[in-house]
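Worksheet: one structure, shown below.
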Amino acid sequence: MKTLGNSIRRVPPAAAIKILRRGFVLPTPAARLIFKDILKPEKWHRKWIYKVPWNQSWWGGWIGENVSKLDHEGMMERVRQADIVFFNVHGGGFRIGKYNMFMDTYIQWLRTLKVKFNVNAVIMSVEHRLSPEYKYPSATEDVVHAYDHLVNELKVDPAKIIAIGGSSGAAVILEMLFITHDPSMFEISVDTDAGESTDALAPELPRPASLIISSPIVTDQTTSESWRTNTKYDYISQFTAKKIIDEYFDESTADLPPGASRLLGIADLQTGYNAFLPQTLLFVGNKEVLRDDVLDFAHKAEQDGVPWETICEEAVHDWFNVREVVKDKKILERADDIFADFCYRTVIGPRHAEERSFRRASEGLAAVPEEPQDDVTYDDSSSEDEFHEALTMSYDSNQSTATAITEDTSSTSTPSTTSSSNKKKSTMTIYV
């Protein structure tokens, strides 16, 4: 008997949008049951999944070709040998979702890179605590912990990491980058047995090589023009948006002052994006309700000097991940090519340039004869409840340290505009 998850992959996009729209308005327990079935990996996906239970740092799984039968050391060796490591955070409005919820999409990413550039990549797909049981900033805390683990415990070079996420997952990644670029800006008061102390909300962490985001939630406002014009097309509604905000944010965090650490307040910044965002590739739908807010956010980041590319296609929310909602499959083929080119250009290209530069320097040194010279000065320039409870109890008391790798157990779109600033080396390419 086919599951609903298998069925939705085969229904027309219009029907898939209706299923998603109805699922998102359900009460959270019912929505989780529905989406657990919708998003359940198929049998053939299993060989691509290496599950990671809660280990005091993160939980979720590694995704890569034939990783299911690897032991721990074998998996860690795959991570070490990978050309690119994706740090992925799933979407789901902070209230639903799993690390393996878009396996068709994840596998396509890896295959495209392998076929087009012979690049070997793996995905660290991270889970986080869900609302309404766990309020803001629980998801951000979990994702910061996981990224800290990847960089400082697994010793993965940030120059080969690409952070990637869609919808609420993209929102969490944006805040993670925001608060870890200068943790001193964001401090929280913690009550301890010795009295009140002030701690940084997150450790300072290096930026990844690049960022890929799809339909990020960047504001809790629903007043832009695209909310009025695109509700009839999208599976995200005003009711869904209100439910997401009400369930994830406490009333005490609803009216934080400007500049306070607030997940959906990053888009309110007028400047400063260049301080925490790496070069970025954005996918957004021309028929989604979030379109105008997302494009406004992208414009401000690009104007602030962030190397930026925006791909806007005739599709609805998070189409780059939720591929069942895309009618014109050429859109996905084009997007995958752009995705692969961006990954190669931001991770592999710089590495090859450094290697060529090193070889030229070495060859030049070998060819110089040893002759007397004048003095010259040079400049050297599982049970979710159990690990959720364990995470809540241990988060504030545990700090990550640098250790070795010991992790246990709908017509074809055409380009319309290309703009660039003469003063800043950044680009914005929009397909509509």
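Ordering of the structure tokens sets the chain letters (A, B, ...), residue numbers begin anew at 1 in every chain, and ligands are numbered from 1 in the order given.
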Would you mind listing, for every residue of range 6-82 of chain A within 9 Å of range 140-161 of chain A, the two atoms forming the shortest contact and the distance between them in Å to one decimal, using only C-alpha atoms, sorted by chain and ascending residue number, as CSV?
residue,atom,partner,partner_atom,distance
A:Ser57,CA,A:His145,CA,5.8
A:Trp58,CA,A:Ala146,CA,5.0
A:Trp59,CA,A:Ala146,CA,8.0
A:Met76,CA,A:Leu154,CA,8.3
A:Val79,CA,A:Val156,CA,8.0
A:Arg80,CA,A:Val156,CA,7.1
A:Ala82,CA,A:Lys160,CA,8.6
Residue selection dump (C-alpha atoms) as a PDB file, in the first residue's frame:
ATOM      1  CA  SER A  57      26.173  18.465  20.439  1.00  0.00           C
ATOM      2  CA  TRP A  58      23.635  17.786  17.690  1.00  0.00           C
ATOM      3  CA  TRP A  59      21.299  15.247  16.154  1.00  0.00           C
ATOM      4  CA  MET A  76      34.080  10.642   9.681  1.00  0.00           C
ATOM      5  CA  VAL A  79      33.507  13.961   5.975  1.00  0.00           C
ATOM      6  CA  ARG A  80      37.259  14.563   6.013  1.00  0.00           C
ATOM      7  CA  ALA A  82      34.585  15.529   1.099  1.00  0.00           C
TER       8      ALA A  82
END
Quick one: everything within 9 Å of Glu65 in chain A, counting only C-alpha atoms, minus sequence neighbours fewer than 3 positions away in the same chain. Send it as a compact mmCIF listing (two decimals) with N, CA, C and O atoms, in the first residue's frame.
# COMPACT_ATOMS: atom_id res chain seq x y z
N LYS A 47 19.91 4.10 1.76
CA LYS A 47 21.35 3.91 1.63
C LYS A 47 22.10 5.23 1.64
O LYS A 47 23.33 5.27 1.78
N TRP A 48 21.38 6.35 1.49
CA TRP A 48 21.98 7.67 1.50
C TRP A 48 21.98 8.30 2.89
O TRP A 48 22.45 9.42 3.06
N ILE A 49 21.46 7.61 3.89
CA ILE A 49 21.23 8.22 5.21
C ILE A 49 22.07 7.54 6.29
O ILE A 49 22.04 6.31 6.45
N SER A 68 24.95 4.58 4.50
CA SER A 68 24.14 3.90 5.52
C SER A 68 24.88 2.76 6.21
O SER A 68 24.64 2.47 7.38
N ILE A 107 19.56 14.39 -2.60
CA ILE A 107 20.30 13.48 -3.46
C ILE A 107 20.59 14.14 -4.81
O ILE A 107 21.68 13.97 -5.38
N LEU A 110 23.66 16.39 -4.58
CA LEU A 110 24.92 15.65 -4.56
C LEU A 110 25.24 15.05 -5.93
O LEU A 110 26.40 15.08 -6.37
N ARG A 111 24.22 14.53 -6.59
CA ARG A 111 24.46 13.94 -7.90
C ARG A 111 24.85 14.99 -8.93
O ARG A 111 25.72 14.74 -9.79
N VAL A 122 29.04 15.88 1.03
CA VAL A 122 28.14 15.26 2.00
C VAL A 122 27.33 16.37 2.65
O VAL A 122 27.71 17.55 2.63
Residue list (strand (DSSP E or B), DSSP) for range 166-335 of chain A, as an MDAnalysis selection string: chainID A and resid 166 187:192 195:200 210:214 279:285 308:313
Output N, CA, C and O atoms for every residue in that selection, as a CSV table (one decimal), in the first residue's frame.
chain,number,residue,atom,x,y,z
A,166,GLY,N,16.0,26.2,3.8
A,166,GLY,CA,14.8,26.7,3.2
A,166,GLY,C,13.8,27.2,4.2
A,166,GLY,O,13.7,26.6,5.3
A,187,GLU,N,24.1,39.4,24.6
A,187,GLU,CA,24.3,38.8,25.9
A,187,GLU,C,23.0,38.5,26.6
A,187,GLU,O,22.0,39.2,26.4
A,188,ILE,N,23.0,37.4,27.4
A,188,ILE,CA,21.8,37.1,28.1
A,188,ILE,C,22.2,36.9,29.6
A,188,ILE,O,23.3,36.6,30.0
A,189,SER,N,21.2,37.2,30.5
A,189,SER,CA,21.5,37.1,31.9
A,189,SER,C,21.0,35.7,32.3
A,189,SER,O,19.9,35.2,32.0
A,190,VAL,N,21.9,35.0,33.1
A,190,VAL,CA,21.6,33.6,33.5
A,190,VAL,C,21.6,33.6,35.0
A,190,VAL,O,22.6,34.0,35.6
A,191,ASP,N,20.6,33.0,35.6
A,191,ASP,CA,20.5,32.9,37.1
A,191,ASP,C,21.2,31.6,37.5
A,191,ASP,O,20.8,30.5,37.0
A,192,THR,N,22.2,31.7,38.3
A,192,THR,CA,22.9,30.5,38.8
A,192,THR,C,22.9,30.5,40.3
A,192,THR,O,22.4,31.4,40.9
A,195,GLY,N,24.4,33.4,41.8
A,195,GLY,CA,23.8,34.7,41.5
A,195,GLY,C,23.6,34.9,40.0
A,195,GLY,O,23.8,33.9,39.3
A,196,GLU,N,23.3,36.1,39.6
A,196,GLU,CA,23.1,36.3,38.2
A,196,GLU,C,24.4,36.6,37.5
A,196,GLU,O,25.3,37.3,37.9
A,197,SER,N,24.6,36.0,36.3
A,197,SER,CA,25.8,36.2,35.5
A,197,SER,C,25.4,36.5,34.1
A,197,SER,O,24.3,36.2,33.6
A,198,THR,N,26.3,37.1,33.3
A,198,THR,CA,26.0,37.5,31.9
A,198,THR,C,26.9,36.7,31.0
A,198,THR,O,28.1,36.7,31.2
A,199,ASP,N,26.2,36.0,30.1
A,199,ASP,CA,26.9,35.1,29.1
A,199,ASP,C,26.6,35.5,27.7
A,199,ASP,O,25.5,36.0,27.4
A,200,ALA,N,27.5,35.2,26.8
A,200,ALA,CA,27.2,35.4,25.4
A,200,ALA,C,26.2,34.4,24.9
A,200,ALA,O,26.1,33.3,25.4
A,210,SER,N,30.1,30.0,1.8
A,210,SER,CA,29.0,30.6,1.2
A,210,SER,C,27.7,30.1,1.8
A,210,SER,O,27.7,29.3,2.7
A,211,LEU,N,26.6,30.7,1.3
A,211,LEU,CA,25.3,30.5,1.9
A,211,LEU,C,24.3,30.3,0.7
A,211,LEU,O,24.3,31.1,-0.2
A,212,ILE,N,23.4,29.3,0.8
A,212,ILE,CA,22.3,29.1,-0.1
A,212,ILE,C,21.0,29.1,0.7
A,212,ILE,O,20.9,28.2,1.5
A,213,ILE,N,20.1,30.0,0.4
A,213,ILE,CA,18.8,30.0,1.1
A,213,ILE,C,17.7,30.0,0.1
A,213,ILE,O,17.8,30.6,-1.0
A,214,SER,N,16.6,29.4,0.5
A,214,SER,CA,15.4,29.3,-0.3
A,214,SER,C,14.2,29.8,0.5
A,214,SER,O,13.9,29.3,1.5
A,279,GLN,N,29.2,35.2,0.7
A,279,GLN,CA,28.5,35.3,-0.6
A,279,GLN,C,27.3,34.3,-0.7
A,279,GLN,O,27.4,33.2,-0.2
A,280,THR,N,26.2,34.8,-1.2
A,280,THR,CA,24.9,34.2,-1.0
A,280,THR,C,24.2,33.9,-2.4
A,280,THR,O,24.2,34.8,-3.3
A,281,LEU,N,23.5,32.8,-2.4
A,281,LEU,CA,22.6,32.4,-3.5
A,281,LEU,C,21.3,32.3,-2.9
A,281,LEU,O,21.0,31.5,-2.0
A,282,LEU,N,20.3,33.0,-3.5
A,282,LEU,CA,18.9,33.0,-3.0
A,282,LEU,C,18.0,32.5,-4.1
A,282,LEU,O,18.0,32.9,-5.2
A,283,PHE,N,17.1,31.6,-3.7
A,283,PHE,CA,16.0,31.1,-4.5
A,283,PHE,C,14.7,31.6,-3.9
A,283,PHE,O,14.5,31.4,-2.7
A,284,VAL,N,13.8,32.2,-4.7
A,284,VAL,CA,12.5,32.7,-4.3
A,284,VAL,C,11.5,32.5,-5.4
A,284,VAL,O,11.8,32.4,-6.6
A,285,GLY,N,10.2,32.4,-5.0
A,285,GLY,CA,9.2,32.1,-5.9
A,285,GLY,C,8.4,33.4,-6.3
A,285,GLY,O,8.1,34.2,-5.4
A,308,TRP,N,26.0,38.7,-4.1
A,308,TRP,CA,24.7,38.1,-4.0
A,308,TRP,C,24.1,37.8,-5.3
A,308,TRP,O,24.3,38.5,-6.3
A,309,GLU,N,23.4,36.6,-5.4
A,309,GLU,CA,22.7,36.2,-6.6
A,309,GLU,C,21.3,35.8,-6.2
A,309,GLU,O,21.1,35.0,-5.2
A,310,THR,N,20.3,36.3,-6.9
A,310,THR,CA,18.9,36.0,-6.6
A,310,THR,C,18.3,35.3,-7.8
A,310,THR,O,18.4,35.9,-8.9
A,311,ILE,N,17.6,34.2,-7.6
A,311,ILE,CA,16.9,33.5,-8.7
A,311,ILE,C,15.5,33.4,-8.3
A,311,ILE,O,15.1,32.8,-7.3
A,312,CYS,N,14.7,34.1,-9.1
A,312,CYS,CA,13.2,34.2,-8.9
A,312,CYS,C,12.5,33.5,-10.0
A,312,CYS,O,12.6,34.0,-11.2
A,313,GLU,N,11.8,32.4,-9.7
A,313,GLU,CA,11.1,31.7,-10.8
A,313,GLU,C,9.6,31.7,-10.5
A,313,GLU,O,9.1,32.0,-9.4
Contact residues around Lys300 in chain A with only C-alpha atoms at 12 Å, ignoring same-chain residues under 6 positions, as a list in words: Ile266, Ala267, Asp268, Leu269, Gln270, Thr271, Gly272, Tyr273, Asn274, Leu277, Asp293, Val294, Val306, Pro307, Trp308, Ser426 and Met428 of chain A
Writing out the chosen residues with N, CA, C and O atoms as a CSV table (one decimal), in the first residue's frame:
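Final output, again.csv:
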chain,number,residue,atom,x,y,z
A,266,ILE,N,16.0,40.4,11.4
A,266,ILE,CA,17.2,40.7,10.7
A,266,ILE,C,16.9,41.6,9.4
A,266,ILE,O,17.7,42.4,9.1
A,267,ALA,N,15.8,41.4,8.8
A,267,ALA,CA,15.4,42.2,7.6
A,267,ALA,C,15.2,43.6,8.0
A,267,ALA,O,15.1,44.5,7.1
A,268,ASP,N,15.0,44.0,9.2
A,268,ASP,CA,14.9,45.4,9.6
A,268,ASP,C,16.2,46.1,9.6
A,268,ASP,O,16.2,47.4,9.6
A,269,LEU,N,17.3,45.4,9.5
A,269,LEU,CA,18.6,46.1,9.4
A,269,LEU,C,18.7,46.9,8.1
A,269,LEU,O,18.2,46.4,7.1
A,270,GLN,N,19.2,48.1,8.2
A,270,GLN,CA,19.4,48.9,7.0
A,270,GLN,C,20.9,48.7,6.5
A,270,GLN,O,21.1,49.0,5.3
A,271,THR,N,21.8,48.3,7.3
A,271,THR,CA,23.2,48.1,6.9
A,271,THR,C,23.8,47.1,7.9
A,271,THR,O,23.2,46.6,8.8
A,272,GLY,N,25.0,46.7,7.6
A,272,GLY,CA,25.7,45.7,8.4
A,272,GLY,C,25.7,44.3,7.9
A,272,GLY,O,26.3,43.4,8.5
A,273,TYR,N,25.0,44.0,6.8
A,273,TYR,CA,24.9,42.6,6.3
A,273,TYR,C,26.2,42.1,5.9
A,273,TYR,O,26.5,40.9,6.1
A,274,ASN,N,27.1,42.9,5.4
A,274,ASN,CA,28.4,42.5,4.9
A,274,ASN,C,29.3,41.9,6.1
A,274,ASN,O,30.2,41.2,5.9
A,277,LEU,N,27.3,38.0,6.6
A,277,LEU,CA,26.9,37.2,5.5
A,277,LEU,C,28.0,36.9,4.5
A,277,LEU,O,28.7,37.8,4.1
A,293,ASP,N,9.0,40.7,0.6
A,293,ASP,CA,9.8,40.8,1.8
A,293,ASP,C,11.2,40.2,1.6
A,293,ASP,O,12.2,40.8,2.0
A,294,VAL,N,11.2,39.1,0.9
A,294,VAL,CA,12.5,38.4,0.6
A,294,VAL,C,13.4,39.2,-0.3
A,294,VAL,O,14.6,39.4,-0.1
A,306,VAL,N,27.3,42.6,0.0
A,306,VAL,CA,27.4,41.1,0.1
A,306,VAL,C,27.3,40.6,-1.4
A,306,VAL,O,26.4,41.0,-2.1
A,307,PRO,N,28.3,39.8,-1.8
A,307,PRO,CA,28.2,39.2,-3.1
A,307,PRO,C,26.9,38.3,-3.2
A,307,PRO,O,26.8,37.3,-2.5
A,308,TRP,N,26.0,38.7,-4.1
A,308,TRP,CA,24.7,38.1,-4.0
A,308,TRP,C,24.1,37.8,-5.3
A,308,TRP,O,24.3,38.5,-6.3
A,426,SER,N,29.6,43.0,-6.2
A,426,SER,CA,28.5,42.2,-5.9
A,426,SER,C,27.5,42.2,-7.0
A,426,SER,O,27.5,43.1,-7.8
A,428,MET,N,23.5,40.9,-8.6
A,428,MET,CA,22.2,40.3,-8.3
A,428,MET,C,21.6,39.9,-9.7
A,428,MET,O,21.5,40.8,-10.6
Nearest-residue call for Leu295 in chain A, choices A:Val67, A:Pro132, A:Gln81, A:Thr219, using only C-alpha atoms: A:Thr219
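Between CA of Pro137 in chain A and CA of Pro208 in chain A there is a distance of 21.5 Å.
Note that CA of Ser215 in chain A and CA of Ala298 in chain A are 10.9 Å apart.
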Two-atom distance - CA of Ile17 in chain A, CA of Lys287 in chain A (Å):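 Interatomic distance here is 12.0 Å.
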Nearest residue to Phe102 in chain A from the set A:Trp319, A:Phe239, A:Phe117, A:Tyr344 (distances using only C-alpha atoms):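 Ranked by minimum distance to Phe102 in chain A, first place goes to A:Trp319.
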Counting only C-alpha atoms, the option among A:Thr180, A:Ser226, A:Asn55, A:Asn321 closest to Arg207 in chain A: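 When distances to Arg207 in chain A are compared using only C-alpha atoms, the smallest one comes from A:Thr180.
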Among the residues A:Met176, A:Ile236, A:Val89, A:Ala353, the one that comes closest to Val316 in chain A [using only C-alpha atoms]: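 Selected residue with least distance to Val316 in chain A: A:Ile236.
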All residues 7 Å or closer to Glu204 in chain A, only C-alpha atoms, same chain fewer than 3 positions away omitted, as number ranges by chain: A: 180-183
Contacts of Lys51 in chain A at 7 Å (only C-alpha atoms; same-chain gap of 3+ positions) as a list in words: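 Counting only the stated atoms, we get Gly60, Gly61 and Trp62 of chain A.
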Please, could you write that set of residues out with C-alpha atoms as an mmCIF file, in the first residue's frame?
data_model
loop_
_atom_site.group_PDB
_atom_site.id
_atom_site.type_symbol
_atom_site.label_atom_id
_atom_site.label_comp_id
_atom_site.auth_asym_id
_atom_site.auth_seq_id
_atom_site.Cartn_x
_atom_site.Cartn_y
_atom_site.Cartn_z
ATOM 1 C CA GLY A 60 19.978 14.552 12.677
ATOM 2 C CA GLY A 61 22.017 12.755 10.051
ATOM 3 C CA TRP A 62 24.665 12.693 7.375
#
Among listed residues A:Asn120, A:Ser131, A:Thr231, A:Thr223, nearest Lys243 in chain A (using only C-alpha atoms): A:Ser131
